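Okay, structure-v1.pdb is below, PDB, C-alpha atoms, pLDDT in the B column:
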```pdb
ATOM      1  CA  MET A   1       4.611 -16.157 -49.010  1.00 49.00           C
ATOM      2  CA  PRO A   2       6.831 -13.530 -47.312  1.00 55.00           C
ATOM      3  CA  ARG A   3       8.522 -14.256 -43.999  1.00 61.00           C
ATOM      4  CA  GLY A   4       6.190 -11.955 -41.996  1.00 60.00           C
ATOM      5  CA  GLY A   5       3.322 -14.404 -42.344  1.00 59.00           C
ATOM      6  CA  LYS A   6       0.484 -12.107 -43.366  1.00 64.00           C
ATOM      7  CA  LYS A   7       0.187 -10.323 -46.677  1.00 64.00           C
ATOM      8  CA  GLY A   8      -0.525  -6.629 -46.925  1.00 60.00           C
ATOM      9  CA  HIS A   9      -3.873  -5.297 -48.103  1.00 67.00           C
ATOM     10  CA  LYS A  10      -2.739  -2.851 -50.728  1.00 71.00           C
ATOM     11  CA  GLY A  11      -5.723  -3.254 -53.047  1.00 71.00           C
ATOM     12  CA  ARG A  12      -8.413  -2.772 -50.415  1.00 70.00           C
ATOM     13  CA  GLY A  13     -10.729   0.175 -50.961  1.00 68.00           C
ATOM     14  CA  LYS A  14     -10.649   3.109 -48.571  1.00 70.00           C
ATOM     15  CA  GLN A  15     -13.816   4.315 -46.861  1.00 74.00           C
ATOM     16  CA  PHE A  16     -14.580   8.010 -46.660  1.00 77.00           C
ATOM     17  CA  SER A  17     -17.391   9.749 -44.773  1.00 82.00           C
ATOM     18  CA  ASN A  18     -19.541  11.886 -47.015  1.00 88.00           C
ATOM     19  CA  PRO A  19     -19.642  15.633 -46.230  1.00 89.00           C
ATOM     20  CA  GLU A  20     -23.385  15.662 -45.419  1.00 91.00           C
ATOM     21  CA  GLU A  21     -22.895  13.054 -42.701  1.00 90.00           C
ATOM     22  CA  ILE A  22     -20.025  15.053 -41.179  1.00 91.00           C
ATOM     23  CA  ASP A  23     -22.115  18.258 -41.219  1.00 93.00           C
ATOM     24  CA  ARG A  24     -25.036  16.458 -39.546  1.00 92.00           C
ATOM     25  CA  GLN A  25     -22.790  15.085 -36.778  1.00 91.00           C
ATOM     26  CA  MET A  26     -21.169  18.476 -36.165  1.00 92.00           C
ATOM     27  CA  LYS A  27     -24.579  20.176 -35.995  1.00 93.00           C
ATOM     28  CA  ALA A  28     -25.820  17.617 -33.457  1.00 91.00           C
ATOM     29  CA  GLN A  29     -22.644  18.138 -31.391  1.00 90.00           C
ATOM     30  CA  ARG A  30     -23.104  21.942 -31.388  1.00 91.00           C
ATOM     31  CA  GLU A  31     -26.731  21.595 -30.289  1.00 91.00           C
ATOM     32  CA  LEU A  32     -25.697  19.274 -27.493  1.00 88.00           C
ATOM     33  CA  GLU A  33     -23.039  21.760 -26.283  1.00 88.00           C
ATOM     34  CA  ALA A  34     -25.470  24.692 -26.576  1.00 87.00           C
ATOM     35  CA  ASN A  35     -27.988  22.889 -24.362  1.00 86.00           C
ATOM     36  CA  GLY A  36     -25.317  22.379 -21.730  1.00 74.00           C
ATOM     37  CA  GLY A  37     -25.141  18.628 -22.207  1.00 60.00           C
ATOM     38  CA  VAL A  38     -28.899  18.157 -21.734  1.00 56.00           C
ATOM     39  CA  GLU A  39     -30.337  15.701 -24.238  1.00 54.00           C
ATOM     40  CA  LYS A  40     -33.600  16.163 -26.141  1.00 50.00           C
ATOM     41  CA  GLU A  41     -35.205  13.188 -24.392  1.00 49.00           C
ATOM     42  CA  GLU A  42     -34.862  14.847 -20.994  1.00 50.00           C
ATOM     43  CA  GLU A  43     -36.540  18.009 -22.240  1.00 49.00           C
ATOM     44  CA  LYS A  44     -39.582  15.989 -23.316  1.00 47.00           C
ATOM     45  CA  SER A  45     -39.868  14.136 -19.991  1.00 49.00           C
ATOM     46  CA  SER A  46     -39.307  17.228 -17.792  1.00 50.00           C
ATOM     47  CA  GLY A  47     -42.989  17.051 -16.753  1.00 47.00           C
ATOM     48  CA  SER A  48     -42.377  14.050 -14.457  1.00 47.00           C
ATOM     49  CA  ASP A  49     -40.097  15.062 -11.549  1.00 49.00           C
ATOM     50  CA  ASP A  50     -39.963  11.682  -9.783  1.00 49.00           C
ATOM     51  CA  SER A  51     -38.515   9.859 -12.812  1.00 49.00           C
ATOM     52  CA  SER A  52     -35.680  12.396 -13.257  1.00 52.00           C
ATOM     53  CA  SER A  53     -33.389  10.666 -10.735  1.00 53.00           C
ATOM     54  CA  GLU A  54     -33.798   7.373 -12.609  1.00 51.00           C
ATOM     55  CA  GLU A  55     -32.961   9.095 -15.899  1.00 51.00           C
ATOM     56  CA  GLU A  56     -29.764  10.550 -14.384  1.00 56.00           C
ATOM     57  CA  ASP A  57     -28.563   7.051 -13.510  1.00 56.00           C
ATOM     58  CA  VAL A  58     -29.447   5.730 -16.975  1.00 53.00           C
ATOM     59  CA  ASN A  59     -27.965   8.709 -18.838  1.00 56.00           C
ATOM     60  CA  LYS A  60     -24.767   8.658 -16.749  1.00 61.00           C
ATOM     61  CA  LYS A  61     -21.887   7.930 -19.124  1.00 62.00           C
ATOM     62  CA  LYS A  62     -20.431   4.512 -18.454  1.00 64.00           C
ATOM     63  CA  SER A  63     -16.834   3.842 -19.367  1.00 66.00           C
ATOM     64  CA  GLY A  64     -15.458   0.679 -20.876  1.00 68.00           C
ATOM     65  CA  VAL A  65     -17.600  -2.428 -20.934  1.00 67.00           C
ATOM     66  CA  GLU A  66     -20.102  -1.077 -18.387  1.00 65.00           C
ATOM     67  CA  GLY A  67     -22.138   0.604 -21.119  1.00 68.00           C
ATOM     68  CA  LEU A  68     -22.377  -2.631 -23.086  1.00 72.00           C
ATOM     69  CA  ILE A  69     -23.136  -5.182 -20.388  1.00 71.00           C
ATOM     70  CA  GLU A  70     -25.491  -4.976 -17.446  1.00 71.00           C
ATOM     71  CA  ILE A  71     -23.594  -6.243 -14.413  1.00 67.00           C
ATOM     72  CA  GLU A  72     -25.392  -7.727 -11.417  1.00 74.00           C
ATOM     73  CA  ASN A  73     -22.512  -8.138  -9.004  1.00 75.00           C
ATOM     74  CA  PRO A  74     -23.570  -7.797  -5.361  1.00 75.00           C
ATOM     75  CA  ASN A  75     -19.935  -7.365  -4.277  1.00 79.00           C
ATOM     76  CA  ARG A  76     -19.300  -4.436  -6.607  1.00 76.00           C
ATOM     77  CA  ILE A  77     -19.270  -1.119  -4.780  1.00 76.00           C
ATOM     78  CA  SER A  78     -20.124   1.884  -6.889  1.00 75.00           C
ATOM     79  CA  GLN A  79     -18.012   4.969  -6.374  1.00 76.00           C
ATOM     80  CA  LYS A  80     -20.093   7.722  -4.802  1.00 78.00           C
ATOM     81  CA  SER A  81     -18.702  11.231  -4.775  1.00 81.00           C
ATOM     82  CA  LYS A  82     -18.954  13.117  -1.497  1.00 77.00           C
ATOM     83  CA  LYS A  83     -19.586  16.803  -1.142  1.00 80.00           C
ATOM     84  CA  VAL A  84     -17.157  18.978   0.743  1.00 78.00           C
ATOM     85  CA  THR A  85     -19.807  19.712   3.367  1.00 79.00           C
ATOM     86  CA  GLU A  86     -20.249  15.981   4.035  1.00 76.00           C
ATOM     87  CA  LEU A  87     -16.555  15.338   4.693  1.00 75.00           C
ATOM     88  CA  ASP A  88     -15.537  15.032   8.321  1.00 73.00           C
ATOM     89  CA  VAL A  89     -12.005  16.317   8.770  1.00 73.00           C
ATOM     90  CA  ASN A  90     -11.824  15.353  12.459  1.00 77.00           C
ATOM     91  CA  ALA A  91     -12.756  11.715  11.845  1.00 73.00           C
ATOM     92  CA  PRO A  92      -9.929   9.247  12.484  1.00 74.00           C
ATOM     93  CA  LYS A  93      -8.249   8.085   9.303  1.00 78.00           C
ATOM     94  CA  GLU A  94      -8.588   4.373   8.631  1.00 82.00           C
ATOM     95  CA  LEU A  95      -5.207   2.748   8.133  1.00 83.00           C
ATOM     96  CA  SER A  96      -4.461   0.292   5.388  1.00 90.00           C
ATOM     97  CA  ARG A  97      -3.605  -3.319   6.180  1.00 91.00           C
ATOM     98  CA  ARG A  98       0.096  -2.742   5.552  1.00 93.00           C
ATOM     99  CA  GLU A  99       0.190   0.327   7.796  1.00 92.00           C
ATOM    100  CA  ARG A 100      -1.643  -1.541  10.584  1.00 93.00           C
ATOM    101  CA  GLU A 101       0.750  -4.494  10.306  1.00 95.00           C
ATOM    102  CA  GLU A 102       3.768  -2.168  10.385  1.00 95.00           C
ATOM    103  CA  ILE A 103       2.503  -0.441  13.543  1.00 95.00           C
ATOM    104  CA  GLU A 104       1.761  -3.791  15.202  1.00 96.00           C
ATOM    105  CA  LYS A 105       5.245  -5.026  14.296  1.00 97.00           C
ATOM    106  CA  GLN A 106       6.855  -1.929  15.849  1.00 96.00           C
ATOM    107  CA  LYS A 107       4.796  -2.275  19.035  1.00 97.00           C
ATOM    108  CA  ALA A 108       5.678  -5.964  19.328  1.00 96.00           C
ATOM    109  CA  LYS A 109       9.369  -5.140  18.888  1.00 95.00           C
ATOM    110  CA  GLU A 110       9.180  -2.466  21.601  1.00 96.00           C
ATOM    111  CA  ARG A 111       7.438  -4.898  24.008  1.00 94.00           C
ATOM    112  CA  TYR A 112      10.083  -7.538  23.325  1.00 93.00           C
ATOM    113  CA  MET A 113      12.935  -5.083  23.894  1.00 93.00           C
ATOM    114  CA  LYS A 114      11.365  -3.952  27.178  1.00 93.00           C
ATOM    115  CA  LEU A 115      11.064  -7.542  28.397  1.00 91.00           C
ATOM    116  CA  HIS A 116      14.563  -8.282  27.108  1.00 89.00           C
ATOM    117  CA  LEU A 117      16.039  -5.407  29.106  1.00 88.00           C
ATOM    118  CA  GLU A 118      14.208  -6.622  32.215  1.00 90.00           C
ATOM    119  CA  GLY A 119      15.686 -10.077  31.628  1.00 86.00           C
ATOM    120  CA  LYS A 120      12.375 -11.890  31.248  1.00 88.00           C
ATOM    121  CA  THR A 121      12.881 -13.393  27.800  1.00 88.00           C
ATOM    122  CA  ASP A 122      14.625 -16.691  27.077  1.00 90.00           C
ATOM    123  CA  GLN A 123      17.279 -14.967  25.023  1.00 89.00           C
ATOM    124  CA  ALA A 124      17.969 -12.458  27.810  1.00 90.00           C
ATOM    125  CA  ARG A 125      18.315 -15.277  30.354  1.00 91.00           C
ATOM    126  CA  ALA A 126      20.742 -17.113  28.067  1.00 92.00           C
ATOM    127  CA  ASP A 127      22.733 -13.895  27.559  1.00 90.00           C
ATOM    128  CA  LEU A 128      22.906 -13.247  31.307  1.00 90.00           C
ATOM    129  CA  ALA A 129      24.013 -16.841  31.977  1.00 93.00           C
ATOM    130  CA  ARG A 130      26.716 -16.550  29.301  1.00 95.00           C
ATOM    131  CA  LEU A 131      27.811 -13.217  30.778  1.00 94.00           C
ATOM    132  CA  ALA A 132      28.054 -14.729  34.287  1.00 96.00           C
ATOM    133  CA  ILE A 133      30.237 -17.562  32.961  1.00 97.00           C
ATOM    134  CA  ILE A 134      32.548 -15.113  31.176  1.00 97.00           C
ATOM    135  CA  LYS A 135      32.836 -12.926  34.304  1.00 97.00           C
ATOM    136  CA  LYS A 136      33.754 -15.958  36.404  1.00 97.00           C
ATOM    137  CA  GLN A 137      36.373 -17.046  33.845  1.00 97.00           C
ATOM    138  CA  ARG A 138      37.893 -13.552  33.813  1.00 97.00           C
ATOM    139  CA  GLU A 139      37.985 -13.415  37.628  1.00 97.00           C
ATOM    140  CA  ASP A 140      39.703 -16.816  37.748  1.00 97.00           C
ATOM    141  CA  ALA A 141      42.210 -15.689  35.098  1.00 97.00           C
ATOM    142  CA  GLN A 142      42.887 -12.481  37.051  1.00 96.00           C
ATOM    143  CA  LYS A 143      43.457 -14.442  40.291  1.00 96.00           C
ATOM    144  CA  LYS A 144      45.822 -16.778  38.441  1.00 96.00           C
ATOM    145  CA  ARG A 145      47.774 -13.837  36.996  1.00 96.00           C
ATOM    146  CA  ASP A 146      47.963 -12.205  40.432  1.00 95.00           C
ATOM    147  CA  GLY A 147      49.238 -15.478  41.957  1.00 95.00           C
ATOM    148  CA  LEU A 148      51.897 -15.846  39.259  1.00 94.00           C
ATOM    149  CA  LYS A 149      52.924 -12.217  39.706  1.00 93.00           C
ATOM    150  CA  LYS A 150      53.334 -12.671  43.479  1.00 93.00           C
ATOM    151  CA  GLU A 151      55.384 -15.843  42.971  1.00 92.00           C
ATOM    152  CA  LYS A 152      57.604 -14.055  40.466  1.00 91.00           C
ATOM    153  CA  GLU A 153      58.125 -11.137  42.850  1.00 91.00           C
ATOM    154  CA  ALA A 154      58.922 -13.533  45.660  1.00 90.00           C
ATOM    155  CA  GLU A 155      61.521 -15.270  43.495  1.00 89.00           C
ATOM    156  CA  ASP A 156      63.030 -11.950  42.441  1.00 87.00           C
ATOM    157  CA  SER A 157      63.282 -10.786  46.051  1.00 87.00           C
ATOM    158  CA  LYS A 158      64.976 -14.074  47.067  1.00 84.00           C
ATOM    159  CA  SER A 159      67.476 -13.898  44.231  1.00 83.00           C
ATOM    160  CA  LYS A 160      68.477 -10.332  45.065  1.00 78.00           C
ATOM    161  CA  ARG A 161      69.319 -11.140  48.653  1.00 68.00           C
TER
END
```

As structure tokens, how would this structure be written, given the file I've shared?
Amino acid sequence: MPRGGKKGHKGRGKQFSNPEEIDRQMKAQRELEANGGVEKEEEKSSGSDDSSSEEEDVNKKKSGVEGLIEIENPNRISQKSKKVTELDVNAPKELSRREREEIEKQKAKERYMKLHLEGKTDQARADLARLAIIKKQREDAQKKRDGLKKEKEAEDSKSKR
């Protein structure tokens, strides 16, 4: 057995569609296009007007597995197309969850910064306390430097005399 695992199917017979079948399918397709997509069944039942809306739902082309399986999901929301006249341009746009969270985050940050500048947050209080300590240390250092400078000047003036 070759390394690929599966053998090829070289001897299998090929299937061809016969020309009559192809002609019949093409003729049916042309008739369908000529009728504007209206099927023969709808032409027969055109006498009953109240059942036409039900037929539209049934004849609506379903994509994928929808056409094969009847789904009874109460949570499934069918997509309904809106007409241009039904759209309300002035209605407020609903934001997505991410957009709402981003706006809330920005507002919270602005509130925090406002309180921080007013000195009402814990971090602002700690910063102000640290700043007061540093100012006091700098004032003490300045006083010490001034005292040393005066002593040095006094010594210089005594030595010159």

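The space separating CA of Lys136 (chain A) from CA of Leu115 (chain A) comes to 25.5 Å.
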
Item to check | d(CA of Leu131 (chain A), CA of Glu118 (chain A)) in Å | outcome: 15.2 Å

Edge lengths and centre in Å to one decimal, as JSON, is what I'm after for the box along x, y and z that holds all listed atoms of region 121-140 of chain A once 3 Å is added on each side.
```
{"center_x": 26.3, "center_y": -15.0, "center_z": 31.4, "size_x": 32.8, "size_y": 11.1, "size_z": 18.7}
```

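Going from CA of Arg98 (chain A) over to CA of Glu110 (chain A), you cover 18.4 Å.
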